[in-house]
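**Q** My file is final32.cif. It has mmCIF, C-alpha atoms:
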data_input
loop_
_atom_site.label_atom_id
_atom_site.label_comp_id
_atom_site.auth_asym_id
_atom_site.auth_seq_id
_atom_site.Cartn_x
_atom_site.Cartn_y
_atom_site.Cartn_z
CA GLY A 1 -18.02 -54.31 -22.99
CA ASN A 2 -15.65 -54.80 -20.05
CA PHE A 3 -15.87 -58.60 -20.21
CA PHE A 4 -14.69 -58.55 -23.82
CA HIS A 5 -12.03 -55.85 -23.35
CA HIS A 6 -10.52 -57.47 -20.28
CA SER A 7 -10.64 -60.97 -21.76
CA ALA A 8 -8.90 -59.85 -24.97
CA GLU A 9 -6.21 -58.10 -22.94
CA PHE A 10 -5.74 -61.24 -20.83
CA ILE A 11 -5.35 -63.52 -23.86
CA TYR A 12 -2.71 -61.37 -25.53
CA THR A 13 -0.87 -60.62 -22.30
CA SER A 14 -0.62 -64.36 -21.62
CA ILE A 15 0.71 -64.94 -25.15
CA LEU A 16 3.40 -62.28 -24.77
CA LEU A 17 4.47 -63.52 -21.33
CA ARG A 18 4.72 -67.11 -22.55
CA LYS A 19 6.76 -66.08 -25.61
CA ALA A 20 9.12 -64.14 -23.34
CA ALA A 21 9.58 -67.27 -21.18
CA ARG A 22 7.93 -65.48 -18.24
CA PRO A 23 5.38 -66.99 -15.83
CA SER A 24 2.05 -66.98 -17.67
CA ASP A 25 -0.33 -68.55 -15.17
CA THR A 26 -3.54 -66.71 -14.31
CA ASN A 27 -2.09 -64.79 -11.35
CA ALA A 28 1.00 -63.72 -13.31
CA VAL A 29 -1.14 -62.46 -16.20
CA LEU A 30 -3.51 -60.57 -13.89
CA GLN A 31 -0.56 -59.03 -12.09
CA ALA A 32 0.96 -57.87 -15.39
CA ILE A 33 -2.40 -56.41 -16.48
CA ASN A 34 -3.00 -54.57 -13.21
CA ALA A 35 0.54 -53.17 -13.12
CA LYS A 36 0.54 -52.33 -16.87
CA THR A 37 4.02 -53.84 -17.10
CA ILE A 38 3.50 -55.26 -20.60
CA ASN A 39 3.17 -51.82 -22.19
CA ALA A 40 6.25 -50.58 -20.35
CA GLU A 41 8.30 -53.62 -21.39
CA ILE A 42 7.19 -53.41 -25.02
CA GLN A 43 8.25 -49.75 -25.12
CA ALA A 44 11.54 -50.60 -23.37
CA GLY A 45 12.19 -53.49 -25.77
CA THR A 46 12.44 -56.12 -23.01
CA ILE A 47 9.39 -57.90 -24.44
CA ARG A 48 8.69 -58.16 -28.16
CA GLY A 49 5.09 -57.85 -29.23
CA ILE A 50 5.28 -60.09 -32.32
CA ILE A 51 2.15 -62.21 -32.74
CA ASP A 52 2.31 -65.17 -35.15
CA THR A 53 -0.40 -67.54 -36.34
CA ALA A 54 1.10 -70.20 -34.06
CA ASP A 55 0.29 -67.99 -31.06
CA ILE A 56 -3.40 -67.70 -31.97
CA GLU A 57 -4.23 -71.15 -33.34
CA PRO A 58 -4.14 -72.99 -29.96
CA TRP A 59 -6.80 -70.64 -28.58
CA LEU A 60 -9.11 -71.23 -31.53
CA LYS A 61 -8.60 -74.99 -31.39
CA ASN A 62 -9.47 -75.05 -27.69
CA VAL A 63 -12.59 -72.95 -27.21
CA HIS A 64 -12.72 -74.05 -23.57
CA SER A 65 -9.59 -71.98 -22.92
CA ILE A 66 -11.46 -68.88 -24.16
CA GLU A 67 -14.47 -69.77 -22.00
CA GLN A 68 -12.18 -70.05 -18.97
CA VAL A 69 -10.95 -66.50 -19.54
CA VAL A 70 -14.54 -65.24 -19.87
CA ASP A 71 -15.46 -67.07 -16.65
CA LEU A 72 -12.51 -65.43 -14.91
CA PHE A 73 -13.77 -61.95 -15.71
CA PHE A 74 -17.30 -62.87 -14.76
CA ARG A 75 -15.82 -63.59 -11.35
CA ILE A 76 -13.77 -60.37 -11.28
CA ASP A 77 -15.98 -57.84 -13.05
CA PHE A 78 -19.51 -59.13 -12.49
CA PHE A 79 -19.65 -61.17 -9.28
CA ARG A 80 -16.63 -59.38 -7.74
CA LEU A 81 -15.53 -62.53 -5.92
CA GLU A 82 -12.45 -63.15 -3.82
CA ASP A 83 -10.15 -66.04 -4.72
CA HIS A 84 -11.62 -68.33 -2.05
CA GLN A 85 -15.23 -67.75 -3.10
CA GLU A 86 -17.02 -70.12 -5.47
CA THR A 87 -18.62 -68.83 -8.65
CA PRO A 88 -22.43 -68.94 -8.43
CA GLU A 89 -24.34 -70.92 -11.03
CA TYR A 90 -25.08 -68.73 -14.06
CA ASN A 91 -28.68 -67.78 -14.73
CA GLY A 92 -30.13 -67.70 -18.24
CA GLU A 93 -29.15 -64.10 -19.00
CA GLN A 94 -25.61 -64.64 -17.74
CA LEU A 95 -25.23 -67.79 -19.85
CA VAL A 96 -26.30 -65.85 -22.94
CA ARG A 97 -23.84 -63.07 -22.15
CA ARG A 98 -21.06 -65.61 -21.59
CA THR A 99 -21.79 -67.19 -24.99
CA ILE A 100 -21.83 -63.80 -26.72
CA VAL A 101 -18.49 -62.68 -25.24
CA THR A 102 -16.92 -66.05 -26.13
CA CYS A 103 -18.13 -65.67 -29.73
CA PHE A 104 -16.77 -62.10 -29.88
CA LEU A 105 -13.36 -63.31 -28.73
CA LYS A 106 -13.35 -66.13 -31.29
CA THR A 107 -14.18 -63.58 -33.98
CA LEU A 108 -11.34 -61.31 -32.87
CA LEU A 109 -8.86 -64.18 -32.84
CA LYS A 110 -9.97 -65.28 -36.33
CA LEU A 111 -9.47 -61.75 -37.66
CA ASP A 112 -6.04 -61.60 -36.03
CA LEU A 113 -5.15 -65.03 -37.41
CA GLU A 114 -5.78 -63.68 -40.91
CA ARG A 115 -3.71 -60.58 -40.17
CA ALA A 116 -0.76 -62.30 -38.48
CA PRO A 117 2.10 -61.78 -38.21
CA PHE A 118 1.82 -58.36 -36.60
CA GLU A 119 3.41 -56.56 -33.68
CA LEU A 120 1.56 -55.42 -30.57
CA LEU A 121 2.72 -52.01 -29.35
CA GLY A 122 0.28 -51.66 -26.49
CA LEU A 123 -2.78 -53.10 -24.76
CA GLU A 124 -5.15 -50.74 -22.90
CA ARG A 125 -2.40 -48.15 -23.34
CA ASN A 126 -2.77 -44.68 -21.85
CA VAL A 127 -1.89 -41.75 -24.11
CA ASN A 128 -2.03 -38.03 -23.49
CA GLY A 129 -1.36 -34.77 -25.29
CA GLU A 130 -1.43 -31.06 -24.62
CA ILE A 131 -2.80 -27.97 -26.35
CA GLN A 132 -1.90 -24.38 -25.56
CA GLY A 133 -5.06 -22.36 -25.06
CA THR A 134 -5.40 -18.62 -24.64
CA GLU A 135 -3.63 -16.63 -21.93
CA GLY A 136 -0.98 -19.31 -21.49
CA ILE A 137 -3.46 -21.98 -20.38
CA ALA A 138 -2.30 -25.50 -21.24
CA VAL A 139 -5.02 -28.12 -21.65
CA ARG A 140 -4.07 -31.76 -21.24
CA PHE A 141 -6.19 -34.46 -22.85
CA GLY A 142 -5.95 -38.15 -23.51
CA GLY A 143 -7.46 -41.55 -22.93
CA THR A 144 -6.90 -45.28 -23.12
CA ILE A 145 -6.31 -47.04 -26.44
CA ASP A 146 -7.77 -50.55 -26.46
CA ARG A 147 -4.94 -51.80 -28.63
CA LEU A 148 -2.06 -50.43 -30.65
CA ASP A 149 -0.39 -52.72 -33.18
CA GLN A 150 1.86 -52.47 -36.22
CA LYS A 151 2.18 -54.23 -39.56
CA ASP A 152 4.04 -53.24 -42.72
CA GLY A 153 5.12 -49.96 -41.14
CA VAL A 154 1.57 -48.85 -40.25
CA GLN A 155 0.65 -48.23 -36.62
CA ARG A 156 -3.00 -49.20 -36.12
CA ILE A 157 -5.07 -47.77 -33.29
CA VAL A 158 -7.87 -50.25 -32.58
CA ASP A 159 -10.94 -49.29 -30.60
CA TYR A 160 -13.19 -52.27 -29.86
CA LYS A 161 -16.94 -51.69 -30.02
CA THR A 162 -19.32 -54.39 -28.79
CA GLY A 163 -22.50 -52.46 -29.67
CA GLY A 164 -23.85 -49.62 -31.76
CA ASN A 165 -23.56 -48.92 -35.47
CA PRO A 166 -20.78 -47.23 -37.46
CA LYS A 167 -21.34 -43.59 -38.37
CA THR A 168 -19.94 -41.84 -41.43
CA PRO A 169 -19.25 -38.15 -40.77
CA ALA A 170 -19.17 -35.90 -43.82
CA ASP A 171 -15.70 -34.60 -42.97
CA VAL A 172 -13.48 -33.66 -40.04
CA ASP A 173 -15.47 -30.47 -39.40
CA ALA A 174 -18.57 -32.61 -38.76
CA LEU A 175 -16.81 -34.18 -35.75
CA PHE A 176 -16.96 -30.80 -34.03
CA ALA A 177 -20.51 -29.85 -35.06
CA GLU A 178 -23.05 -29.32 -32.28
CA GLU A 179 -25.32 -32.14 -33.34
CA ALA A 180 -26.99 -34.82 -31.25
CA ASN A 181 -25.97 -37.61 -33.62
CA ARG A 182 -22.32 -36.64 -33.93
CA ALA A 183 -19.83 -39.45 -34.65
CA ASN A 184 -18.31 -39.35 -31.17
CA TYR A 185 -16.44 -42.67 -31.56
CA VAL A 186 -14.65 -41.29 -34.63
CA PHE A 187 -13.80 -38.10 -32.74
CA GLN A 188 -12.40 -40.16 -29.86
CA ILE A 189 -10.09 -42.29 -31.99
CA PHE A 190 -9.00 -39.29 -34.10
CA LEU A 191 -8.04 -37.63 -30.83
CA TYR A 192 -5.81 -40.60 -29.99
CA ALA A 193 -4.35 -40.53 -33.50
CA SER A 194 -3.53 -36.83 -33.15
CA ILE A 195 -1.47 -37.69 -30.05
CA LEU A 196 0.48 -40.50 -31.70
CA GLN A 197 1.00 -38.88 -35.10
CA ASN A 198 4.44 -37.40 -35.73
CA GLU A 199 6.32 -36.23 -38.81
CA THR A 200 7.30 -39.65 -40.11
CA ASN A 201 5.02 -42.41 -38.81
CA ILE A 202 1.87 -43.75 -40.46
CA VAL A 203 -1.05 -43.97 -38.04
CA CYS A 204 -4.32 -45.66 -38.98
CA PRO A 205 -7.30 -45.27 -36.61
CA GLU A 206 -9.75 -48.16 -36.78
CA LEU A 207 -13.09 -48.84 -35.09
CA LEU A 208 -13.67 -52.58 -34.80
CA TYR A 209 -17.37 -53.33 -34.32
CA ILE A 210 -16.76 -56.84 -33.08
CA HIS A 211 -20.50 -57.74 -32.91
CA LYS A 212 -20.68 -57.22 -36.68
CA ALA A 213 -17.32 -58.73 -37.57
CA ALA A 214 -18.55 -62.29 -38.14
CA ALA A 215 -20.54 -61.20 -41.22
CA THR A 216 -19.06 -62.34 -44.53
CA ASN A 217 -19.06 -58.81 -45.97
CA PHE A 218 -17.57 -57.21 -42.87
CA GLU A 219 -14.87 -54.59 -43.31
CA SER A 220 -13.55 -52.73 -40.30
CA GLY A 221 -12.42 -49.14 -40.52
CA ILE A 222 -13.61 -45.54 -40.63
CA TRP A 223 -15.17 -43.74 -43.59
CA LEU A 224 -15.74 -40.05 -44.24
CA GLY A 225 -18.10 -38.57 -46.83
CA ASN A 226 -21.60 -39.39 -48.02
CA GLN A 227 -23.28 -42.46 -49.48
CA LYS A 228 -22.26 -41.61 -53.04
CA ASN A 229 -18.69 -40.61 -52.22
CA LYS A 230 -17.15 -42.28 -49.18
CA GLN A 231 -13.44 -42.29 -48.39
CA LYS A 232 -11.89 -44.91 -46.15
CA VAL A 233 -9.38 -43.58 -43.63
CA THR A 234 -6.20 -45.57 -44.19
CA GLU A 235 -3.96 -43.08 -42.39
CA PHE A 236 -4.54 -40.09 -40.17
CA LYS A 237 -1.93 -37.72 -41.63
CA PRO A 238 -4.17 -36.19 -44.37
CA PHE A 239 -6.72 -35.26 -41.68
CA GLU A 240 -4.27 -34.15 -39.00
CA GLU A 241 -4.14 -30.42 -39.76
CA SER A 242 -7.90 -30.02 -40.01
CA PHE A 243 -8.52 -32.01 -36.82
CA LYS A 244 -5.91 -30.15 -34.78
CA ASN A 245 -7.12 -26.75 -36.02
CA ASN A 246 -10.68 -27.62 -35.03
CA LEU A 247 -9.54 -28.95 -31.68
CA ASN A 248 -7.47 -25.85 -31.01
CA ASN A 249 -10.42 -23.58 -31.85
CA LEU A 250 -12.65 -25.64 -29.58
CA ILE A 251 -10.26 -25.19 -26.66
CA ILE A 252 -9.92 -21.45 -27.32
CA ASN A 253 -13.71 -21.08 -27.36
CA LEU A 254 -14.06 -23.02 -24.11
CA PHE A 255 -11.86 -20.48 -22.37
CA ASN A 256 -13.23 -17.42 -24.16
CA LYS A 257 -14.81 -15.23 -21.48
CA ASP A 258 -16.93 -13.47 -24.10
CA LEU A 259 -18.72 -16.70 -25.07
CA PRO A 260 -21.43 -17.72 -22.57
CA PHE A 261 -21.09 -21.20 -21.13
CA ILE A 262 -24.49 -22.80 -21.69
CA GLN A 263 -25.87 -26.31 -21.38
CA THR A 264 -26.12 -28.36 -24.55
CA PRO A 265 -29.59 -28.29 -26.13
CA HIS A 266 -29.34 -32.08 -26.49
CA ALA A 267 -30.61 -33.03 -23.03
CA GLU A 268 -30.07 -36.75 -23.62
CA LYS A 269 -26.31 -36.11 -23.49
CA CYS A 270 -26.70 -35.17 -19.79
CA ILE A 271 -28.46 -38.34 -18.62
CA TYR A 272 -25.32 -39.92 -17.13
CA CYS A 273 -23.65 -36.72 -15.95
CA ASP A 274 -23.29 -36.26 -12.17
CA TYR A 275 -23.77 -32.52 -12.51
#
Rewrite the structure from the file as structure tokens, please.

**A**
Amino acid sequence: GNFFHHSAEFIYTSILLRKAARPSDTNAVLQAINAKTINAEIQAGTIRGIIDTADIEPWLKNVHSIEQVVDLFFRIDFFRLEDHQETPEYNGEQLVRRTIVTCFLKTLLKLDLERAPFELLGLERNVNGEIQGTEGIAVRFGGTIDRLDQKDGVQRIVDYKTGGNPKTPADVDALFAEEANRANYVFQIFLYASILQNETNIVCPELLYIHKAAATNFESGIWLGNQKNKQKVTEFKPFEESFKNNLNNLIINLFNKDLPFIQTPHAEKCIYCDY
């Protein structure tokens, strides 16, 4: 997952730097990514996030340029090499992974080419909110949005997924049910949407299962309902009140001294927990 996420962020950061007539060599792009300056400049208006087809086409015409980005993050994320160290020769598994990530990035760029022009509002952007619990306790929550963009007045929260299968919860209440197979990815992106939603804007949360996106019948998005009656989420506003009420009740219950704090009955959820 990290190879894809970091490579996608690199490609679009380099595009924005080049369009702003800023240095866009590898070191300059990595510096901008590490310092998160792109998000700050987009919000300040010193860099415009407009992406046109002409920005994407050169990458698709030169697949080697995509492979070079993937190789860069193999060095950084996998081998953890210093600048002066040579990249080891890839073994069979690493070559397969390199090919897969390259294909994922090509798929993303093709989808974006079809969608262009659009405006990037953030890459790996941190967001946070706050809920007032009982007895004056304020609970802060948040996370990192893979990508926030805008087209035709709609702000789209994009969460990249490189594995797994989409889940269709029955409704918002199902996101808070104590079930082992809960749609946690939908909960996560609805949480981000609840932070960004205000009185006037249109926010659309979207899960992009990039490993499935090359299929001819692929359609990204989130659905609620059942097999006979599914509703695609095109904006978060109709679900905002229900989600926030559920979230508020969850926080209140967490701090309710009369409710015993017990371990989840779904032991598999604890496999990767340090405690």

**Q** Report the distance between CA of Phe79 (chain A) and CA of Thr13 (chain A) in Å, rounded to one decimal place.

**A**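 About the pair CA of Phe79 (chain A) and CA of Thr13 (chain A): they are 22.9 Å apart.
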
**Q** Please list as a list in words every residue within 10 Å of Ile66 (chain A), counting all atoms listed in the file and excluding residues in the same chain fewer than 3 positions away.

**A** Ser7, Ala8, Ile11, Trp59, Leu60, Lys61, Asn62, Val63, Val69, Val70, Asp71, Leu72, Val101, Thr102, Cys103, Leu105 and Lys106 of chain A

**Q** For the structure provided, state which residues fall under the PyMOL selection byres ((chain A and resi 179) around 12), and present them as a compact mmCIF listing (two decimals) with C-alpha atoms, keeping the file's coordinate frame.

**A**
# COMPACT_ATOMS: atom_id res chain seq x y z
CA PRO A 169 -19.25 -38.15 -40.77
CA ASP A 173 -15.47 -30.47 -39.40
CA ALA A 174 -18.57 -32.61 -38.76
CA LEU A 175 -16.81 -34.18 -35.75
CA PHE A 176 -16.96 -30.80 -34.03
CA ALA A 177 -20.51 -29.85 -35.06
CA GLU A 178 -23.05 -29.32 -32.28
CA ALA A 180 -26.99 -34.82 -31.25
CA ASN A 181 -25.97 -37.61 -33.62
CA ARG A 182 -22.32 -36.64 -33.93
CA ALA A 183 -19.83 -39.45 -34.65
CA ASN A 184 -18.31 -39.35 -31.17
CA THR A 264 -26.12 -28.36 -24.55
CA PRO A 265 -29.59 -28.29 -26.13
CA HIS A 266 -29.34 -32.08 -26.49
CA ALA A 267 -30.61 -33.03 -23.03
CA GLU A 268 -30.07 -36.75 -23.62
CA LYS A 269 -26.31 -36.11 -23.49

**Q** List every residue of region 142-173 of chain A that has an atom at most 8 Å from any atom of region 203-206 of chain A, giving for each one its closest atom pair and the distance in Å to one decimal, counting all atoms listed in the file, sorted by chain and then by ascending residue number, as a Markdown table.

**A**
| residue | atom | partner | partner_atom | distance |
| --- | --- | --- | --- | --- |
| A:Val154 | CA | A:Val203 | CA | 6.0 |
| A:Gln155 | CA | A:Val203 | CA | 4.8 |
| A:Arg156 | CA | A:Cys204 | CA | 4.7 |
| A:Ile157 | CA | A:Pro205 | CA | 4.7 |
| A:Val158 | CA | A:Glu206 | CA | 5.1 |
| A:Asp159 | CA | A:Glu206 | CA | 6.4 |

**Q** Would you kindly translate the PyMOL selection byres ((chain A and resi 214-225) around 12) into the concrete residues it picks from this file, as a VMD selection string?

**A** chain A and resid 100 103 to 111 156 to 161 165 to 175 183 185 to 187 189 to 190 204 to 213 226 to 236 239

**Q** Could you please determine the separation between CA of Asp83 (chain A) and CA of Ala21 (chain A) in Å, to one decimal place?

**A**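 About the pair CA of Asp83 (chain A) and CA of Ala21 (chain A): they are 25.7 Å apart.
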
**Q** Grab the CA of Asp25 (chain A) to CA of Asn91 (chain A) distance for me, in Å with one decimal place.

**A**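 Spanning CA of Asp25 (chain A) to CA of Asn91 (chain A) is a straight-line distance of 28.4 Å.
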
**Q** Of the candidates A:Gly122, A:Pro58, A:Gly142, A:Gly153, which shows the shortest atom-to-atom distance to Ile42 (chain A), using only C-alpha atoms?

**A**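 Between A:Gly122, A:Pro58, A:Gly142, A:Gly153, the residue approaching Ile42 (chain A) most closely is A:Gly122.
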
**Q** Once the PyMOL selection byres ((chain A and resi 26) around 12) is applied to the coordinates I shared, what remains selected? I want it as a ChimeraX atom specification.

**A** /A:7,10-11,13-15,17-18,23-25,27-33,65,68-69,72-73,83

**Q** For Asp77 (chain A), which residue among A:Arg97, A:His6, A:Arg115, A:Lys36 is the nearest when counting all atoms listed in the file?

**A**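 Nearest candidate to Asp77 (chain A) out of A:Arg97, A:His6, A:Arg115, A:Lys36: A:His6.
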
**Q** Looking at only C-alpha atoms, which of A:Ala40, A:Arg140, A:Asp274, A:Phe3 is the one that sits closest to Ile76 (chain A)?

**A** A:Phe3

**Q** Point out the residue among A:Ile202, A:Val139, A:Ile251, A:Ile47 with the least atom-to-atom distance to Leu121 (chain A), counting all atoms listed in the file.

**A**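 Going through A:Ile202, A:Val139, A:Ile251, A:Ile47 one by one, the smallest distance to Leu121 (chain A) is for A:Ile47.
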
**Q** List every protein, DNA or RNA residue that has an atom no more than 8 Å from (-17.8, -52.0, -26.0) in the file's coordinate frame, counting only C-alpha atoms, and report them as a PDB file with C-alpha atoms, in the frame of the given file.

**A**
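In the end it all went to point-v1.pdb:
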ATOM      1  CA  GLY A   1     -18.020 -54.310 -22.990  1.00  0.00           C
ATOM      2  CA  ASN A   2     -15.650 -54.800 -20.050  1.00  0.00           C
ATOM      3  CA  PHE A   4     -14.690 -58.550 -23.820  1.00  0.00           C
ATOM      4  CA  HIS A   5     -12.030 -55.850 -23.350  1.00  0.00           C
ATOM      5  CA  TYR A 160     -13.190 -52.270 -29.860  1.00  0.00           C
ATOM      6  CA  LYS A 161     -16.940 -51.690 -30.020  1.00  0.00           C
ATOM      7  CA  THR A 162     -19.320 -54.390 -28.790  1.00  0.00           C
ATOM      8  CA  GLY A 163     -22.500 -52.460 -29.670  1.00  0.00           C
TER       9      GLY A 163
END

**Q** Neighbours of Gly143 (chain A) within 10 Å (all atoms listed in the file; same-chain residues fewer than 5 positions away dropped), as number ranges by chain?

**A** A: 124-129, 188-189, 191-192

**Q** Can you tell me, as a ChimeraX atom specification, what residues are no more than 8 Å from Thr53 (chain A) when counting all atoms listed in the file, ignoring any on the same chain fewer than 3 positions away?

**A** /A:56-57,113,116-117

**Q** Which residue, A:Arg48, A:Glu9, A:Ala54, A:Arg98, has the smallest gap to Arg75 (chain A) when you use all atoms listed in the file?

**A**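 When distances to Arg75 (chain A) are compared using all atoms listed in the file, the smallest one comes from A:Arg98.
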